[in-house]
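Peer 1: Here it is: the structure, laid out below.
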Amino acid sequence: MVVSVREVMKKALIIYYSQSGQLFDIVASITQPLETEFELVFEEIKPKEPFPFPWTGTSFYQVFPESVQEVKCELEPLRFDPEENFDLIILAYQVWYLSPSIPFSSFLQTDEAMRVIRNKPVITIIGCRNMWIMSQERIKKRIITMGGRLIGNIVIIDRHQNLVSVVTIMHWMIKGERQGRGLYKKLFPRAGVSQKDIRESAKFGEIILQACKKNKLEDLQDILLEKGAIHIKPVLLSIEKRGYMMFRIWSEFILKKGEYGDPARERRLKYFKYYLFTVIYLLSPIGSVIFYLIHKLNHGHTRKRIDYYSHNKLK
Ligand SMILES: Cc1cc2nc3c(=O)[nH]c(=O)nc-3n(C[C@H](O)[C@H](O)[C@H](O)COP(=O)(O)O)c2cc1C
C-alpha cells in the first residue's frame, strides 16, 4: 500500500494578527522547523474595520478601554475549518495595554475558536515590548475554559531598558518608523524585538518539533524555559501587576462615558493619557527602586511567583 506523505503528516493551525509584521516574523521563525513534520495552516485575524498603523495620537489611546475589558470587534470570516482535526494549535498575539490585543481577544471569543481549541494541545507565542504577564493569565483562563490544553508559551520581547523601550515603541507606533532619524536615531535604538532574537527563536520550533515527535508534550514548557523562552524581571512584574489594577479602574471609568469612538469619552481618555505618562516617567522609576528592595528581601516568594508565571497552570 502506498501512503502519501500528506496522509501521514500532522496538521498545525497557526492563528495570528500582526500590524507591522513583527509578530508574523516571530511566528514564521518559530514554526519553520515544524515544516518537516507538520502541514502548517496559517490564519491571519482580520478586523472588519482595520486598526490604524501607524497610529495617530488619538487612536492609540482610543483602544485602551476595549483592550483592557476585552470588548470584541467584528472580524472578517475565518478561512479554516473549525471541524478539522488539527494536531496542534499555535496562537500568536501581541499585548495592548497589558491585555491581549483587541483582534486576538475577539478571535478567542468566536465560536470557531471554541470548536477548534477544544481537546487540543495549544502553544501560545507572544511578541510584545516587555509586559505580557497579566494578559497571559487571561489567555490561560480562556484556553482552559474552552477545553484546550496549554502546553507551551514562548515570549519574545524587546530587551532594551524599560523606559527606553517605551520611547522607541511610541515613536514606532505613532510615526511608523522603527529606526527614527537625526538626533533621535543617535540617542535611541531600533524599536521592538531585535532581528537576532527573531532569527534565533527558530530554536523553540525545533524543541516543539522534538517534543511532538517523541509525544512528550508534558515537559515541553520546562525544556522551552531551559532554552530561554521566557525572561521575567521581578521589578517589571510588580509594576505590571499594579498597573493592571489601575487600568481596570480607568477603563471602566472611560467606558461609562461611551463606547469605542464616542466623542463623549474624549476628555476621560485625555486624563488617562496624562496619568499614563506620569506613572511611566515619574512614578515607575521610584517604584522600581522600592520593588527591587522588596524582591531582594523576599527572594523565596519572588522565585515562586516567577516560576508560576513561567508555566501554564492557572491559580
Ligand atoms: C495600543 C498598543 C498598546 C501596547 N501595549 C503594550 C503593553 O501593554 N505591553 C507590551 O509589552 N507591549 C505593548 N505594545 C506593543 C505590542 O505588544 C507589539 O509589540 C507591537 O504593537 C508590534 O506588534 P505587531 O506585530 O502587531 O506590529 C502595545 C502596542 C500598541 C499598538
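Numbering starts fresh at 1 for the residues of each chain in the C-alpha cells, the chains themselves are lettered A, B, ... in the order given, and ligands are numbered from 1 as they appear.
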Using only C-alpha atoms and all ligand atoms, what table do you get, as a tab-separated table, when you list each residue of chain A with an atom no more than 7 Å from ligand 1, its nearest pair of atoms, and their distance in Å rounded to one decimal, rows by chain then rising number?
Peer 2:
residue	atom	partner	partner_atom_place_in_ligand_line	distance
A:Tyr17	CA	ligand 1	26 (O)	6.4
A:Ser18	CA	ligand 1	26 (O)	3.6
A:Gln19	CA	ligand 1	26 (O)	3.8
A:Ser20	CA	ligand 1	27 (O)	3.5
A:Gly21	CA	ligand 1	25 (O)	4.9
A:Gln22	CA	ligand 1	25 (O)	4.0
A:Leu23	CA	ligand 1	25 (O)	3.7
A:Phe24	CA	ligand 1	25 (O)	6.3
A:Phe60	CA	ligand 1	1 (C)	5.1
A:Tyr61	CA	ligand 1	1 (C)	6.7
A:Val63	CA	ligand 1	1 (C)	6.4
A:Phe64	CA	ligand 1	1 (C)	6.8
A:Gln94	CA	ligand 1	17 (O)	4.1
A:Val95	CA	ligand 1	17 (O)	3.8
A:Trp96	CA	ligand 1	3 (C)	3.5
A:Tyr97	CA	ligand 1	8 (O)	3.5
A:Leu98	CA	ligand 1	8 (O)	3.7
A:Ser99	CA	ligand 1	8 (O)	6.5
A:Gly127	CA	ligand 1	19 (O)	5.4
A:Cys128	CA	ligand 1	19 (O)	3.2
A:Arg129	CA	ligand 1	11 (O)	3.4
A:Asn130	CA	ligand 1	11 (O)	3.9
A:Met131	CA	ligand 1	11 (O)	3.8
A:Trp132	CA	ligand 1	11 (O)	5.4
A:Ile169	CA	ligand 1	15 (C)	6.8
A:Met173	CA	ligand 1	31 (C)	6.1
A:Gly192	CA	ligand 1	19 (O)	6.4
Peer 1: With N, CA and C atoms retained, export the selected residues as a tab-separated table (two decimals), in the first residue's frame.
Peer 2:
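In the end it all went to again-v5.tsv:
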chain	number	residue	atom	x	y	z
A	17	TYR	N	-2.26	37.72	14.47
A	17	TYR	CA	-2.62	39.06	13.98
A	17	TYR	C	-1.34	39.88	14.11
A	18	SER	N	-1.00	40.67	13.12
A	18	SER	CA	0.20	41.49	13.27
A	18	SER	C	0.04	42.76	12.44
A	19	GLN	N	0.32	43.90	13.06
A	19	GLN	CA	0.18	45.16	12.34
A	19	GLN	C	1.42	45.49	11.52
A	20	SER	N	2.58	45.43	12.17
A	20	SER	CA	3.81	45.85	11.49
A	20	SER	C	4.48	44.67	10.79
A	21	GLY	N	4.04	43.45	11.13
A	21	GLY	CA	4.68	42.26	10.60
A	21	GLY	C	5.66	41.66	11.59
A	22	GLN	N	5.93	42.36	12.71
A	22	GLN	CA	6.90	41.84	13.69
A	22	GLN	C	6.44	40.48	14.23
A	23	LEU	N	5.19	40.40	14.67
A	23	LEU	CA	4.73	39.13	15.24
A	23	LEU	C	4.72	38.04	14.18
A	24	PHE	N	4.37	38.41	12.95
A	24	PHE	CA	4.39	37.39	11.90
A	24	PHE	C	5.80	36.85	11.70
A	60	PHE	N	-4.43	55.73	19.27
A	60	PHE	CA	-3.61	54.88	20.14
A	60	PHE	C	-4.25	54.74	21.53
A	61	TYR	N	-4.84	55.82	22.03
A	61	TYR	CA	-5.48	55.76	23.36
A	61	TYR	C	-6.92	55.29	23.27
A	63	VAL	N	-8.15	52.78	21.86
A	63	VAL	CA	-8.33	51.32	22.02
A	63	VAL	C	-8.10	50.85	23.46
A	64	PHE	N	-7.71	51.77	24.34
A	64	PHE	CA	-7.36	51.35	25.71
A	64	PHE	C	-8.50	50.64	26.44
A	94	GLN	N	-0.11	39.80	20.32
A	94	GLN	CA	0.64	40.90	20.92
A	94	GLN	C	-0.21	41.50	22.04
A	95	VAL	N	0.46	42.27	22.89
A	95	VAL	CA	-0.20	42.84	24.05
A	95	VAL	C	-0.53	44.30	23.77
A	96	TRP	N	-1.76	44.69	24.08
A	96	TRP	CA	-2.15	46.10	24.05
A	96	TRP	C	-2.60	46.46	25.46
A	97	TYR	N	-1.98	47.40	26.07
A	97	TYR	CA	-2.35	47.85	27.42
A	97	TYR	C	-2.48	46.69	28.42
A	98	LEU	N	-1.42	45.92	28.50
A	98	LEU	CA	-1.32	44.80	29.45
A	98	LEU	C	-2.43	43.77	29.23
A	99	SER	N	-2.98	43.74	28.02
A	99	SER	CA	-4.12	42.87	27.71
A	99	SER	C	-3.90	42.29	26.32
A	127	GLY	N	4.57	38.28	21.15
A	127	GLY	CA	5.61	39.22	20.70
A	127	GLY	C	5.19	40.60	21.17
A	128	CYS	N	5.93	41.18	22.11
A	128	CYS	CA	5.48	42.46	22.67
A	128	CYS	C	6.68	43.28	23.14
A	129	ARG	N	6.41	44.38	23.85
A	129	ARG	CA	7.51	45.21	24.37
A	129	ARG	C	8.15	44.46	25.54
A	130	ASN	N	7.51	44.45	26.69
A	130	ASN	CA	8.06	43.65	27.81
A	130	ASN	C	7.03	43.35	28.91
A	131	MET	N	5.77	43.72	28.68
A	131	MET	CA	4.79	43.48	29.76
A	131	MET	C	3.63	42.64	29.22
A	132	TRP	N	3.60	41.37	29.56
A	132	TRP	CA	2.66	40.43	28.97
A	132	TRP	C	2.01	39.52	30.02
A	169	ILE	N	8.96	52.43	21.34
A	169	ILE	CA	7.72	51.82	20.81
A	169	ILE	C	6.72	52.91	20.44
A	173	MET	N	5.15	53.21	16.84
A	173	MET	CA	3.72	53.02	16.66
A	173	MET	C	3.07	54.27	16.04
A	192	GLY	N	11.45	47.73	19.10
A	192	GLY	CA	10.88	46.38	19.01
A	192	GLY	C	11.88	45.27	19.27
Peer 1: Got a sec: who's within 9 Å of Leu236 of chain A, counting only C-alpha atoms, leaving out chain neighbours fewer than 2 positions off, as a count of residues only?
Peer 2: 12
Peer 1: Using DSSP assignments from the backbone, pull out every residue in segment 143-177 of chain A that falls under alpha helix (DSSP H) and give it to me as a list of chain:residue names.
Peer 2: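 Residues meeting the alpha helix (DSSP H) criterion: A:Ile143, A:Ile144, A:Thr145, A:Asn162, A:Leu163, A:Val164, A:Ser165, A:Val166, A:Val167, A:Thr168, A:Ile169, A:Met170, A:His171, A:Trp172, A:Met173, A:Ile174, A:Lys175.
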Peer 1: Could you write those residues out with all heavy atoms, as a short mmCIF file (atom, residue, chain, number, x, y, z; two decimals), in the first residue's frame?
Peer 2:
data_model
loop_
_atom_site.label_atom_id
_atom_site.label_comp_id
_atom_site.auth_asym_id
_atom_site.auth_seq_id
_atom_site.Cartn_x
_atom_site.Cartn_y
_atom_site.Cartn_z
N ILE A 143 -8.28 29.67 27.36
CA ILE A 143 -7.95 28.40 26.70
C ILE A 143 -8.46 27.23 27.55
O ILE A 143 -9.08 26.29 27.04
CB ILE A 143 -6.43 28.29 26.45
CG1 ILE A 143 -6.00 29.32 25.41
CG2 ILE A 143 -6.03 26.88 26.01
CD1 ILE A 143 -4.51 29.47 25.22
N ILE A 144 -8.24 27.33 28.85
CA ILE A 144 -8.67 26.25 29.74
C ILE A 144 -10.21 26.15 29.74
O ILE A 144 -10.77 25.06 29.64
CB ILE A 144 -8.11 26.45 31.17
CG1 ILE A 144 -6.59 26.28 31.12
CG2 ILE A 144 -8.73 25.49 32.18
CD1 ILE A 144 -5.84 26.77 32.34
N THR A 145 -10.88 27.29 29.78
CA THR A 145 -12.36 27.29 29.76
C THR A 145 -12.88 26.66 28.46
O THR A 145 -13.90 25.98 28.46
CB THR A 145 -12.90 28.74 29.88
OG1 THR A 145 -12.25 29.35 30.98
CG2 THR A 145 -14.39 28.78 30.09
N ASN A 162 13.50 49.37 30.23
CA ASN A 162 12.06 49.66 30.17
C ASN A 162 11.72 51.05 29.63
O ASN A 162 10.91 51.19 28.70
CB ASN A 162 11.46 49.44 31.57
CG ASN A 162 9.96 49.57 31.55
OD1 ASN A 162 9.29 49.11 30.60
ND2 ASN A 162 9.39 50.20 32.56
N LEU A 163 12.33 52.09 30.19
CA LEU A 163 11.94 53.45 29.77
C LEU A 163 12.41 53.76 28.35
O LEU A 163 11.76 54.52 27.63
CB LEU A 163 12.50 54.50 30.75
CG LEU A 163 11.88 54.44 32.16
CD1 LEU A 163 12.43 55.57 33.02
CD2 LEU A 163 10.37 54.48 32.13
N VAL A 164 13.50 53.14 27.94
CA VAL A 164 13.98 53.33 26.56
C VAL A 164 12.97 52.70 25.60
O VAL A 164 12.57 53.30 24.59
CB VAL A 164 15.38 52.69 26.38
CG1 VAL A 164 15.79 52.68 24.91
CG2 VAL A 164 16.42 53.42 27.23
N SER A 165 12.51 51.51 25.94
CA SER A 165 11.59 50.83 25.01
C SER A 165 10.22 51.51 24.99
O SER A 165 9.49 51.39 23.99
CB SER A 165 11.48 49.34 25.31
OG SER A 165 10.88 49.12 26.56
N VAL A 166 9.85 52.24 26.05
CA VAL A 166 8.59 53.00 26.00
C VAL A 166 8.73 54.09 24.92
O VAL A 166 7.85 54.27 24.08
CB VAL A 166 8.26 53.67 27.36
CG1 VAL A 166 7.07 54.61 27.21
CG2 VAL A 166 7.95 52.64 28.42
N VAL A 167 9.87 54.78 24.94
CA VAL A 167 10.08 55.85 23.95
C VAL A 167 10.10 55.28 22.54
O VAL A 167 9.41 55.77 21.64
CB VAL A 167 11.42 56.61 24.23
CG1 VAL A 167 11.72 57.61 23.12
CG2 VAL A 167 11.38 57.30 25.58
N THR A 168 10.86 54.20 22.35
CA THR A 168 11.02 53.70 20.97
C THR A 168 9.71 53.09 20.44
O THR A 168 9.39 53.24 19.27
CB THR A 168 12.19 52.69 20.86
OG1 THR A 168 11.97 51.63 21.79
CG2 THR A 168 13.52 53.36 21.13
N ILE A 169 8.96 52.43 21.34
CA ILE A 169 7.72 51.82 20.81
C ILE A 169 6.72 52.91 20.44
O ILE A 169 6.03 52.82 19.42
CB ILE A 169 7.10 50.77 21.77
CG1 ILE A 169 6.11 49.88 21.01
CG2 ILE A 169 6.35 51.40 22.92
CD1 ILE A 169 6.44 48.46 20.99
N MET A 170 6.65 53.97 21.25
CA MET A 170 5.71 55.06 20.93
C MET A 170 6.10 55.70 19.60
O MET A 170 5.25 56.00 18.77
CB MET A 170 5.72 56.13 22.04
CG MET A 170 5.07 55.70 23.33
SD MET A 170 3.34 55.27 23.11
CE MET A 170 2.62 56.85 22.80
N HIS A 171 7.40 55.92 19.43
CA HIS A 171 7.89 56.52 18.19
C HIS A 171 7.51 55.64 16.99
O HIS A 171 7.00 56.12 15.97
CB HIS A 171 9.41 56.68 18.28
CG HIS A 171 10.01 57.38 17.11
ND1 HIS A 171 10.22 58.73 17.09
CD2 HIS A 171 10.41 56.92 15.90
CE1 HIS A 171 10.73 59.07 15.92
NE2 HIS A 171 10.87 57.98 15.18
N TRP A 172 7.73 54.35 17.15
CA TRP A 172 7.45 53.39 16.07
C TRP A 172 5.94 53.33 15.78
O TRP A 172 5.51 53.42 14.62
CB TRP A 172 7.98 52.02 16.51
CG TRP A 172 7.76 50.91 15.54
CD1 TRP A 172 7.59 51.02 14.18
CD2 TRP A 172 7.69 49.51 15.84
NE1 TRP A 172 7.42 49.77 13.63
CE2 TRP A 172 7.48 48.84 14.62
CE3 TRP A 172 7.79 48.78 17.02
CZ2 TRP A 172 7.36 47.44 14.56
CZ3 TRP A 172 7.68 47.40 16.95
CH2 TRP A 172 7.47 46.74 15.74
N MET A 173 5.15 53.21 16.84
CA MET A 173 3.72 53.02 16.66
C MET A 173 3.07 54.27 16.04
O MET A 173 2.18 54.17 15.23
CB MET A 173 3.03 52.72 18.00
CG MET A 173 3.41 51.39 18.61
SD MET A 173 2.82 50.02 17.60
CE MET A 173 4.31 49.19 17.13
N ILE A 174 3.55 55.46 16.45
CA ILE A 174 2.86 56.68 16.01
C ILE A 174 3.49 57.28 14.75
O ILE A 174 2.79 57.78 13.89
CB ILE A 174 2.75 57.68 17.18
CG1 ILE A 174 1.79 57.04 18.20
CG2 ILE A 174 2.24 59.06 16.73
CD1 ILE A 174 1.40 57.80 19.37
N LYS A 175 4.79 57.12 14.60
CA LYS A 175 5.43 57.65 13.38
C LYS A 175 5.59 56.58 12.30
O LYS A 175 5.87 56.88 11.14
CB LYS A 175 6.80 58.22 13.70
CG LYS A 175 6.74 59.42 14.63
CD LYS A 175 7.68 60.48 14.19
CE LYS A 175 7.25 61.79 14.79
NZ LYS A 175 8.10 62.86 14.62
#
Peer 1: Where in segment 40-102 of chain A does DSSP assign strand (DSSP E or B), given as a ChimeraX atom specification?
Peer 2: /A:40-44,47,75,88-93,95-96,99-100
Peer 1: Env of Thr36 of chain A: 12 Å cut, atoms = only C-alpha atoms, seq-sep filter 3 positions within chain, self excluded. Answer as a VMD selection string.
Peer 2: chain A and resid 5 to 6 8 to 12 31 to 33 39 to 40 205 to 206 209 to 210 212 to 213
Peer 1: Write the residues of the preceding selection, restricted to C-alpha atoms, as a PDB file, in the first residue's frame.
Peer 2:
ATOM      1  CA  VAL A   5       3.379  12.000   2.655  1.00  0.00           C
ATOM      2  CA  ARG A   6       0.299  14.160   3.041  1.00  0.00           C
ATOM      3  CA  VAL A   8       0.950  10.804   7.460  1.00  0.00           C
ATOM      4  CA  MET A   9       1.711  14.469   8.020  1.00  0.00           C
ATOM      5  CA  LYS A  10       0.310  16.123  11.113  1.00  0.00           C
ATOM      6  CA  LYS A  11      -1.515  19.407  10.821  1.00  0.00           C
ATOM      7  CA  ALA A  12      -0.933  22.552  12.836  1.00  0.00           C
ATOM      8  CA  THR A  31       7.237  27.460  13.063  1.00  0.00           C
ATOM      9  CA  GLN A  32       9.766  26.992  10.269  1.00  0.00           C
ATOM     10  CA  PRO A  33      11.378  23.855  11.825  1.00  0.00           C
ATOM     11  CA  GLU A  39       1.383  20.754   7.345  1.00  0.00           C
ATOM     12  CA  LEU A  40       1.122  24.356   8.571  1.00  0.00           C
ATOM     13  CA  GLY A 205      10.356  25.478  16.955  1.00  0.00           C
ATOM     14  CA  GLU A 206      12.991  22.762  16.993  1.00  0.00           C
ATOM     15  CA  LEU A 209       9.173  19.503  16.893  1.00  0.00           C
ATOM     16  CA  GLN A 210      11.196  17.099  19.043  1.00  0.00           C
ATOM     17  CA  CYS A 212       5.840  16.252  19.188  1.00  0.00           C
ATOM     18  CA  LYS A 213       7.963  13.518  17.588  1.00  0.00           C
TER      19      LYS A 213
END
Peer 1: Between A:Ser67, A:Ser106, A:Asn298, A:Gln179, which residue has the minimum interatomic distance to Pro47 of chain A, considering only C-alpha atoms?
Peer 2: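 Of A:Ser67, A:Ser106, A:Asn298, A:Gln179, the one nearest Pro47 of chain A, counting only C-alpha atoms, is A:Ser106.
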Peer 1: With 10 Å as the cut-off and only C-alpha atoms counted, what is the closest atom pair between each nearby residue of segment 127-235 of chain A and segment 100-103 of chain A? Distances in Å to one decimal, ordered by chain and number, as a tab-separated table.
Peer 2:
residue	atom	partner	partner_atom	distance
A:Trp132	CA	A:Pro100	CA	8.3
A:Met134	CA	A:Pro100	CA	9.2
A:Ser135	CA	A:Pro100	CA	5.5
A:Gln136	CA	A:Pro100	CA	7.6
A:Arg138	CA	A:Pro100	CA	8.2
A:Ile139	CA	A:Pro100	CA	7.6
Peer 1: Calculate how many Å separate atom CA of Leu150 of chain A from atom CA of Ile117 of chain A, rounding to one decimal.
Peer 2: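 Between atom CA of Leu150 of chain A and atom CA of Ile117 of chain A the gap works out to 9.8 Å.
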Peer 1: Taking only C-alpha atoms into account, name the residue in A:Gln69, A:Thr278, A:Gln221, A:Asn119 that is nearest to Phe253 of chain A.
Peer 2: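 Between A:Gln69, A:Thr278, A:Gln221, A:Asn119, the residue approaching Phe253 of chain A most closely is A:Gln69.
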Peer 1: Using only C-alpha atoms, pick whichever of A:Lys203, A:Lys72, A:His295, A:Arg248 has the shortest atom-to-atom distance to Phe272 of chain A.
Peer 2: A:Arg248
Peer 1: I'd like to know which of A:Ile223, A:Arg199, A:Lys315, A:Ile254 is closest to Ile151 of chain A, using only C-alpha atoms.
Peer 2: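 Of A:Ile223, A:Arg199, A:Lys315, A:Ile254, the one nearest Ile151 of chain A is A:Ile223, counting only C-alpha atoms.
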Peer 1: So that I can see what lies close to segment 310-314 of chain A, please list as a ChimeraX atom specification the residues with an atom at most 10 Å from it, counting only C-alpha atoms and leaving out residues fewer than 6 positions away in the same chain.
Peer 2: /A:123-124,133,136-138,140-141,144,149-155,221-222,225,229-232,304
Peer 1: Which residue, A:Glu200, A:Asp307, A:Asp219, A:Asp158, has the smallest gap to Val27 of chain A when you use only C-alpha atoms?
Peer 2: A:Glu200
Peer 1: In Å, how far is it from atom CA of Cys73 of chain A to atom CA of Lys270 of chain A?
Peer 2: 22.6 Å
Peer 1: Please report the interatomic distance between atom CA of Trp250 of chain A and atom CA of Gln62 of chain A in Å with one decimal.
Peer 2: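 Computing the Euclidean distance for atom CA of Trp250 of chain A and atom CA of Gln62 of chain A yields 12.6 Å.
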